[in-house]
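> Structure file my_file_12.cif (mmCIF, N, CA and C atoms) right here:
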```cif
data_protein
loop_
_atom_site.label_atom_id
_atom_site.label_comp_id
_atom_site.auth_asym_id
_atom_site.auth_seq_id
_atom_site.Cartn_x
_atom_site.Cartn_y
_atom_site.Cartn_z
N MET J 242 74.83 78.12 130.95
CA MET J 242 75.31 78.59 132.22
C MET J 242 76.03 77.46 132.98
N ALA J 243 75.47 76.25 132.95
CA ALA J 243 76.06 75.12 133.67
C ALA J 243 77.39 74.72 133.02
N LYS J 244 77.47 74.79 131.69
CA LYS J 244 78.72 74.45 131.01
C LYS J 244 79.80 75.46 131.37
N GLY J 245 79.45 76.71 131.42
CA GLY J 245 80.40 77.77 131.78
C GLY J 245 80.92 77.58 133.20
N LEU J 246 80.03 77.21 134.11
CA LEU J 246 80.42 76.97 135.50
C LEU J 246 81.34 75.75 135.60
N LEU J 247 81.01 74.71 134.85
CA LEU J 247 81.83 73.50 134.84
C LEU J 247 83.23 73.80 134.31
N VAL J 248 83.31 74.55 133.23
CA VAL J 248 84.60 74.92 132.66
C VAL J 248 85.40 75.75 133.66
N LEU J 249 84.75 76.67 134.34
CA LEU J 249 85.41 77.51 135.33
C LEU J 249 85.95 76.67 136.49
N ILE J 250 85.18 75.69 136.94
CA ILE J 250 85.63 74.80 138.01
C ILE J 250 86.82 73.96 137.56
N LEU J 251 86.79 73.46 136.32
CA LEU J 251 87.90 72.67 135.80
C LEU J 251 89.17 73.52 135.68
N ILE J 252 89.03 74.74 135.23
CA ILE J 252 90.19 75.64 135.12
C ILE J 252 90.76 75.95 136.50
N ALA J 253 89.87 76.20 137.46
CA ALA J 253 90.32 76.49 138.82
C ALA J 253 91.03 75.27 139.42
N GLY J 254 90.51 74.08 139.17
CA GLY J 254 91.13 72.86 139.66
C GLY J 254 92.50 72.63 139.04
N ALA J 255 92.62 72.86 137.74
CA ALA J 255 93.90 72.70 137.06
C ALA J 255 94.91 73.73 137.58
N ALA J 256 94.45 74.95 137.78
CA ALA J 256 95.34 76.00 138.31
C ALA J 256 95.82 75.63 139.71
N PHE J 257 94.95 75.08 140.53
CA PHE J 257 95.34 74.67 141.88
C PHE J 257 96.38 73.56 141.83
N LEU J 258 96.20 72.58 140.96
CA LEU J 258 97.17 71.49 140.84
C LEU J 258 98.53 72.00 140.37
N ILE J 259 98.52 72.89 139.41
CA ILE J 259 99.77 73.48 138.93
C ILE J 259 100.44 74.27 140.04
N TYR J 260 99.67 75.01 140.79
CA TYR J 260 100.20 75.78 141.92
C TYR J 260 100.87 74.86 142.94
N ARG J 261 100.22 73.76 143.26
CA ARG J 261 100.78 72.83 144.24
C ARG J 261 102.06 72.19 143.74
N GLN J 262 102.10 71.86 142.45
CA GLN J 262 103.29 71.22 141.89
C GLN J 262 104.49 72.17 141.86
N THR J 263 104.26 73.42 141.55
CA THR J 263 105.36 74.38 141.41
C THR J 263 105.74 75.02 142.73
N ASN J 264 104.92 74.93 143.74
CA ASN J 264 105.17 75.61 145.00
C ASN J 264 105.65 74.68 146.11
N GLN J 265 106.08 73.49 145.75
CA GLN J 265 106.54 72.56 146.77
C GLN J 265 107.91 72.98 147.28
N LYS J 266 108.08 72.92 148.56
CA LYS J 266 109.38 73.23 149.14
C LYS J 266 110.28 72.01 148.96
N PRO J 267 111.55 72.26 148.63
CA PRO J 267 112.46 71.12 148.46
C PRO J 267 112.75 70.45 149.80
N SER J 268 113.00 69.18 149.74
CA SER J 268 113.36 68.45 150.95
C SER J 268 114.74 68.89 151.42
N GLU J 269 115.14 68.41 152.58
CA GLU J 269 116.45 68.76 153.13
C GLU J 269 117.57 68.27 152.21
N GLU J 270 117.41 67.07 151.67
CA GLU J 270 118.43 66.52 150.78
C GLU J 270 118.51 67.33 149.49
N GLU J 271 117.35 67.69 148.93
CA GLU J 271 117.35 68.50 147.72
C GLU J 271 117.97 69.87 147.98
N ALA J 272 117.74 70.42 149.16
CA ALA J 272 118.32 71.71 149.52
C ALA J 272 119.84 71.61 149.63
N MET J 273 120.35 70.49 150.13
CA MET J 273 121.80 70.30 150.21
C MET J 273 122.41 70.28 148.81
N VAL J 274 121.76 69.56 147.89
CA VAL J 274 122.26 69.49 146.52
C VAL J 274 122.15 70.87 145.86
N ALA J 275 121.07 71.58 146.12
CA ALA J 275 120.89 72.92 145.55
C ALA J 275 121.97 73.87 146.05
N SER J 276 122.36 73.71 147.30
CA SER J 276 123.42 74.54 147.86
C SER J 276 124.74 74.31 147.11
N VAL J 277 125.05 73.06 146.83
CA VAL J 277 126.27 72.74 146.08
C VAL J 277 126.16 73.26 144.66
N ARG J 278 124.97 73.15 144.08
CA ARG J 278 124.75 73.66 142.71
C ARG J 278 124.97 75.18 142.66
N ASP J 279 124.51 75.89 143.68
CA ASP J 279 124.71 77.34 143.73
C ASP J 279 126.20 77.67 143.86
N ARG J 280 126.90 76.92 144.70
CA ARG J 280 128.35 77.13 144.84
C ARG J 280 129.07 76.83 143.54
N TYR J 281 128.60 75.81 142.82
CA TYR J 281 129.18 75.45 141.51
C TYR J 281 129.05 76.63 140.55
N ALA J 282 127.89 77.26 140.52
CA ALA J 282 127.69 78.40 139.62
C ALA J 282 128.65 79.55 139.95
N VAL J 283 128.86 79.79 141.23
CA VAL J 283 129.78 80.86 141.66
C VAL J 283 131.21 80.54 141.22
N VAL J 284 131.64 79.30 141.42
CA VAL J 284 133.00 78.91 141.06
C VAL J 284 133.20 78.97 139.54
N VAL J 285 132.22 78.53 138.78
CA VAL J 285 132.32 78.59 137.32
C VAL J 285 132.46 80.05 136.88
N ASN J 286 131.67 80.93 137.47
CA ASN J 286 131.76 82.35 137.13
C ASN J 286 133.14 82.92 137.47
N LYS J 287 133.68 82.55 138.62
CA LYS J 287 135.02 83.01 138.99
C LYS J 287 136.06 82.53 138.00
N PHE J 288 135.97 81.26 137.63
CA PHE J 288 136.94 80.68 136.70
C PHE J 288 136.85 81.35 135.34
N LEU J 289 135.64 81.49 134.83
CA LEU J 289 135.47 82.11 133.51
C LEU J 289 135.85 83.58 133.53
N SER J 290 135.59 84.25 134.62
CA SER J 290 135.97 85.65 134.75
C SER J 290 137.49 85.80 134.73
N ALA J 291 138.18 84.94 135.43
CA ALA J 291 139.65 84.99 135.43
C ALA J 291 140.19 84.71 134.04
N ALA J 292 139.62 83.74 133.36
CA ALA J 292 140.07 83.41 132.01
C ALA J 292 139.78 84.56 131.05
N GLY J 293 138.64 85.19 131.21
CA GLY J 293 138.28 86.31 130.35
C GLY J 293 139.18 87.51 130.56
N ARG J 294 139.49 87.80 131.82
CA ARG J 294 140.37 88.94 132.12
C ARG J 294 141.77 88.72 131.57
N SER J 295 142.25 87.50 131.66
CA SER J 295 143.60 87.23 131.17
C SER J 295 143.67 87.39 129.66
N GLY J 296 142.62 87.01 128.97
CA GLY J 296 142.61 87.14 127.51
C GLY J 296 142.33 88.55 127.03
N ALA J 297 141.51 89.27 127.76
CA ALA J 297 141.09 90.59 127.31
C ALA J 297 142.16 91.65 127.54
N ILE J 298 142.80 91.62 128.70
CA ILE J 298 143.75 92.70 128.99
C ILE J 298 145.17 92.18 129.18
N GLY J 299 145.37 90.92 129.03
CA GLY J 299 146.70 90.35 129.11
C GLY J 299 147.28 90.29 130.50
N MET J 300 146.45 90.43 131.52
CA MET J 300 146.94 90.37 132.89
C MET J 300 147.17 88.92 133.31
N ASP J 301 148.06 88.74 134.23
CA ASP J 301 148.32 87.41 134.78
C ASP J 301 147.27 87.11 135.84
N THR J 302 146.34 86.26 135.51
CA THR J 302 145.27 85.89 136.46
C THR J 302 145.40 84.43 136.86
N THR J 303 146.62 83.93 136.82
CA THR J 303 146.86 82.53 137.16
C THR J 303 146.37 82.20 138.56
N MET J 304 146.64 83.12 139.48
CA MET J 304 146.23 82.87 140.87
C MET J 304 144.71 82.76 140.99
N ASP J 305 143.98 83.63 140.28
CA ASP J 305 142.51 83.58 140.32
C ASP J 305 141.98 82.25 139.78
N SER J 306 142.53 81.82 138.65
CA SER J 306 142.03 80.57 138.07
C SER J 306 142.45 79.37 138.90
N GLU J 307 143.64 79.43 139.53
CA GLU J 307 144.06 78.33 140.39
C GLU J 307 143.18 78.25 141.64
N THR J 308 142.80 79.41 142.17
CA THR J 308 141.91 79.43 143.33
C THR J 308 140.55 78.84 142.96
N ALA J 309 140.04 79.22 141.79
CA ALA J 309 138.75 78.68 141.34
C ALA J 309 138.85 77.18 141.09
N ALA J 310 139.98 76.73 140.55
CA ALA J 310 140.17 75.30 140.32
C ALA J 310 140.20 74.54 141.64
N ALA J 311 140.87 75.09 142.64
CA ALA J 311 140.91 74.45 143.96
C ALA J 311 139.52 74.39 144.57
N GLN J 312 138.76 75.48 144.40
CA GLN J 312 137.38 75.49 144.92
C GLN J 312 136.53 74.45 144.21
N MET J 313 136.76 74.28 142.90
CA MET J 313 135.99 73.29 142.14
C MET J 313 136.31 71.88 142.64
N LEU J 314 137.56 71.61 142.92
CA LEU J 314 137.92 70.28 143.44
C LEU J 314 137.31 70.05 144.82
N LYS J 315 137.28 71.08 145.65
CA LYS J 315 136.64 70.96 146.97
C LYS J 315 135.15 70.72 146.80
N LEU J 316 134.54 71.43 145.88
CA LEU J 316 133.12 71.26 145.60
C LEU J 316 132.84 69.84 145.13
N ARG J 317 133.70 69.32 144.29
CA ARG J 317 133.56 67.95 143.78
C ARG J 317 133.62 66.96 144.94
N ALA J 318 134.56 67.17 145.86
CA ALA J 318 134.69 66.28 147.02
C ALA J 318 133.48 66.41 147.94
N ASP J 319 133.00 67.65 148.14
CA ASP J 319 131.82 67.86 149.00
C ASP J 319 130.60 67.15 148.42
N LEU J 320 130.42 67.26 147.11
CA LEU J 320 129.27 66.61 146.48
C LEU J 320 129.38 65.09 146.60
N ALA J 321 130.58 64.56 146.43
CA ALA J 321 130.77 63.10 146.57
C ALA J 321 130.40 62.65 147.98
N GLU J 322 130.76 63.45 148.96
CA GLU J 322 130.42 63.13 150.36
C GLU J 322 128.91 63.18 150.59
N ILE J 323 128.28 64.20 150.04
CA ILE J 323 126.82 64.34 150.18
C ILE J 323 126.09 63.19 149.49
N ARG J 324 126.58 62.80 148.31
CA ARG J 324 125.93 61.73 147.55
C ARG J 324 125.88 60.42 148.32
N LYS J 325 126.86 60.18 149.18
CA LYS J 325 126.88 58.95 149.98
C LYS J 325 125.70 58.87 150.94
N SER J 326 125.20 60.04 151.37
CA SER J 326 124.15 60.04 152.39
C SER J 326 122.74 60.24 151.83
N LEU J 327 122.62 60.47 150.53
CA LEU J 327 121.30 60.73 149.95
C LEU J 327 120.46 59.47 149.88
N THR J 328 119.16 59.64 150.15
CA THR J 328 118.24 58.51 150.09
C THR J 328 117.06 58.77 149.15
N GLU J 329 116.74 60.03 148.89
CA GLU J 329 115.59 60.36 148.04
C GLU J 329 115.98 60.29 146.57
N ASP J 330 115.13 59.68 145.77
CA ASP J 330 115.40 59.50 144.34
C ASP J 330 115.61 60.84 143.63
N LYS J 331 114.79 61.81 143.95
CA LYS J 331 114.88 63.11 143.29
C LYS J 331 116.20 63.79 143.61
N ALA J 332 116.62 63.75 144.85
CA ALA J 332 117.89 64.35 145.26
C ALA J 332 119.07 63.59 144.65
N ILE J 333 118.97 62.27 144.58
CA ILE J 333 120.03 61.46 143.98
C ILE J 333 120.19 61.80 142.51
N ALA J 334 119.07 61.96 141.80
CA ALA J 334 119.12 62.30 140.38
C ALA J 334 119.74 63.68 140.16
N LYS J 335 119.36 64.64 140.99
CA LYS J 335 119.92 65.98 140.86
C LYS J 335 121.41 65.98 141.18
N ALA J 336 121.81 65.22 142.17
CA ALA J 336 123.23 65.14 142.54
C ALA J 336 124.03 64.47 141.43
N ARG J 337 123.47 63.44 140.82
CA ARG J 337 124.15 62.76 139.72
C ARG J 337 124.35 63.72 138.55
N GLU J 338 123.30 64.47 138.23
CA GLU J 338 123.37 65.45 137.14
C GLU J 338 124.43 66.52 137.43
N LEU J 339 124.46 67.00 138.65
CA LEU J 339 125.44 68.02 139.04
C LEU J 339 126.86 67.44 139.01
N ALA J 340 127.02 66.21 139.45
CA ALA J 340 128.34 65.57 139.43
C ALA J 340 128.86 65.46 137.99
N GLU J 341 127.96 65.14 137.06
CA GLU J 341 128.35 65.06 135.65
C GLU J 341 128.79 66.42 135.13
N LYS J 342 128.07 67.48 135.51
CA LYS J 342 128.44 68.83 135.10
C LYS J 342 129.82 69.21 135.64
N ILE J 343 130.05 68.89 136.90
CA ILE J 343 131.33 69.21 137.53
C ILE J 343 132.46 68.45 136.83
N GLU J 344 132.25 67.16 136.57
CA GLU J 344 133.27 66.36 135.89
C GLU J 344 133.57 66.92 134.50
N ASP J 345 132.52 67.25 133.75
CA ASP J 345 132.70 67.82 132.41
C ASP J 345 133.49 69.12 132.46
N PHE J 346 133.12 69.99 133.40
CA PHE J 346 133.81 71.27 133.53
C PHE J 346 135.28 71.05 133.88
N CYS J 347 135.54 70.15 134.80
CA CYS J 347 136.92 69.89 135.21
C CYS J 347 137.75 69.33 134.06
N GLU J 348 137.17 68.41 133.30
CA GLU J 348 137.90 67.82 132.18
C GLU J 348 138.14 68.84 131.08
N LYS J 349 137.15 69.64 130.75
CA LYS J 349 137.28 70.63 129.67
C LYS J 349 138.30 71.71 130.01
N ASN J 350 138.45 72.00 131.27
CA ASN J 350 139.35 73.08 131.70
C ASN J 350 140.64 72.56 132.32
N ASP J 351 140.95 71.30 132.10
CA ASP J 351 142.18 70.67 132.58
C ASP J 351 142.40 70.81 134.09
N ILE J 352 141.30 70.77 134.83
CA ILE J 352 141.41 70.80 136.29
C ILE J 352 141.75 69.41 136.80
N ILE J 353 141.16 68.41 136.13
CA ILE J 353 141.53 67.01 136.40
C ILE J 353 141.76 66.36 135.06
N ARG J 354 142.58 65.36 135.05
CA ARG J 354 142.85 64.63 133.80
C ARG J 354 142.53 63.16 134.01
N HIS J 355 141.92 62.57 133.00
CA HIS J 355 141.61 61.13 133.07
C HIS J 355 142.38 60.40 132.03
#
```
Translate this file's structure into structure tokens.

Amino acid sequence: MAKGLLVLILIAGAAFLIYRQTNQKPSEEEAMVASVRDRYAVVVNKFLSAAGRSGAIGMDTTMDSETAAAQMLKLRADLAEIRKSLTEDKAIAKARELAEKIEDFCEKNDIIRH
């Protein structure tokens, strides 16, 4: 009986620790980076949608892809501005990761050339 109670207490303690780790609210800096990440996902979807429509039905979607490219460049500049003000290690790491994704996307889709 005592072993069963001990095991139950250990499981409850582990569950509580997992709950606390997964339920933490992001800091203000992390929320700013998350906002840019969400905007990045929207712009990528717009760009890929325009590219898909042009290939599938042969329509001229140049304007759509140019608009998405302009939004991506604005997003890139916004993230660079935000990165200057970040102080938390976790937010800095997430911003660095997002900046790399944006750079890769821009290079692969000829939005910027190096």
> Report the residues retrieved by the PyMOL selection byres ((chain J and resi 312-328) around 8) from the displayed file, expressed as number ranges by chain.
J: 270, 273-274, 277, 280-281, 284-285, 306-311, 329-333, 336-337, 339-340, 343-344, 347, 352
> Could you take the residues named above and write them with N, CA and C atoms, as a tab-separated table (two decimals), in the frame of the given file?

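Contents of out-v6.tsv, as written:
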```
chain	number	residue	atom	x	y	z
J	270	GLU	N	117.41	67.07	151.67
J	270	GLU	CA	118.43	66.52	150.78
J	270	GLU	C	118.51	67.33	149.49
J	273	MET	N	120.35	70.49	150.13
J	273	MET	CA	121.80	70.30	150.21
J	273	MET	C	122.41	70.28	148.81
J	274	VAL	N	121.76	69.56	147.89
J	274	VAL	CA	122.26	69.49	146.52
J	274	VAL	C	122.15	70.87	145.86
J	277	VAL	N	125.05	73.06	146.83
J	277	VAL	CA	126.27	72.74	146.08
J	277	VAL	C	126.16	73.26	144.66
J	280	ARG	N	126.90	76.92	144.70
J	280	ARG	CA	128.35	77.13	144.84
J	280	ARG	C	129.07	76.83	143.54
J	281	TYR	N	128.60	75.81	142.82
J	281	TYR	CA	129.18	75.45	141.51
J	281	TYR	C	129.05	76.63	140.55
J	284	VAL	N	131.64	79.30	141.42
J	284	VAL	CA	133.00	78.91	141.06
J	284	VAL	C	133.20	78.97	139.54
J	285	VAL	N	132.22	78.53	138.78
J	285	VAL	CA	132.32	78.59	137.32
J	285	VAL	C	132.46	80.05	136.88
J	306	SER	N	142.53	81.82	138.65
J	306	SER	CA	142.03	80.57	138.07
J	306	SER	C	142.45	79.37	138.90
J	307	GLU	N	143.64	79.43	139.53
J	307	GLU	CA	144.06	78.33	140.39
J	307	GLU	C	143.18	78.25	141.64
J	308	THR	N	142.80	79.41	142.17
J	308	THR	CA	141.91	79.43	143.33
J	308	THR	C	140.55	78.84	142.96
J	309	ALA	N	140.04	79.22	141.79
J	309	ALA	CA	138.75	78.68	141.34
J	309	ALA	C	138.85	77.18	141.09
J	310	ALA	N	139.98	76.73	140.55
J	310	ALA	CA	140.17	75.30	140.32
J	310	ALA	C	140.20	74.54	141.64
J	311	ALA	N	140.87	75.09	142.64
J	311	ALA	CA	140.91	74.45	143.96
J	311	ALA	C	139.52	74.39	144.57
J	329	GLU	N	116.74	60.03	148.89
J	329	GLU	CA	115.59	60.36	148.04
J	329	GLU	C	115.98	60.29	146.57
J	330	ASP	N	115.13	59.68	145.77
J	330	ASP	CA	115.40	59.50	144.34
J	330	ASP	C	115.61	60.84	143.63
J	331	LYS	N	114.79	61.81	143.95
J	331	LYS	CA	114.88	63.11	143.29
J	331	LYS	C	116.20	63.79	143.61
J	332	ALA	N	116.62	63.75	144.85
J	332	ALA	CA	117.89	64.35	145.26
J	332	ALA	C	119.07	63.59	144.65
J	333	ILE	N	118.97	62.27	144.58
J	333	ILE	CA	120.03	61.46	143.98
J	333	ILE	C	120.19	61.80	142.51
J	336	ALA	N	121.81	65.22	142.17
J	336	ALA	CA	123.23	65.14	142.54
J	336	ALA	C	124.03	64.47	141.43
J	337	ARG	N	123.47	63.44	140.82
J	337	ARG	CA	124.15	62.76	139.72
J	337	ARG	C	124.35	63.72	138.55
J	339	LEU	N	124.46	67.00	138.65
J	339	LEU	CA	125.44	68.02	139.04
J	339	LEU	C	126.86	67.44	139.01
J	340	ALA	N	127.02	66.21	139.45
J	340	ALA	CA	128.34	65.57	139.43
J	340	ALA	C	128.86	65.46	137.99
J	343	ILE	N	130.05	68.89	136.90
J	343	ILE	CA	131.33	69.21	137.53
J	343	ILE	C	132.46	68.45	136.83
J	344	GLU	N	132.25	67.16	136.57
J	344	GLU	CA	133.27	66.36	135.89
J	344	GLU	C	133.57	66.92	134.50
J	347	CYS	N	135.54	70.15	134.80
J	347	CYS	CA	136.92	69.89	135.21
J	347	CYS	C	137.75	69.33	134.06
J	352	ILE	N	141.30	70.77	134.83
J	352	ILE	CA	141.41	70.80	136.29
J	352	ILE	C	141.75	69.41	136.80
```
> Give me, please, the distance in Å between atom CA of Gln265 of chain J and atom C of Ala282 of chain J, quoted to one decimal.
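Interatomic distance, atom CA of Gln265 of chain J to atom C of Ala282 of chain J: 24.2 Å.
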> What is the distance, in Å and to one decimal place, between atom CA of Met242 of chain J and atom CA of Phe257 of chain J?
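That distance, rounded to one decimal, is 22.6 Å.
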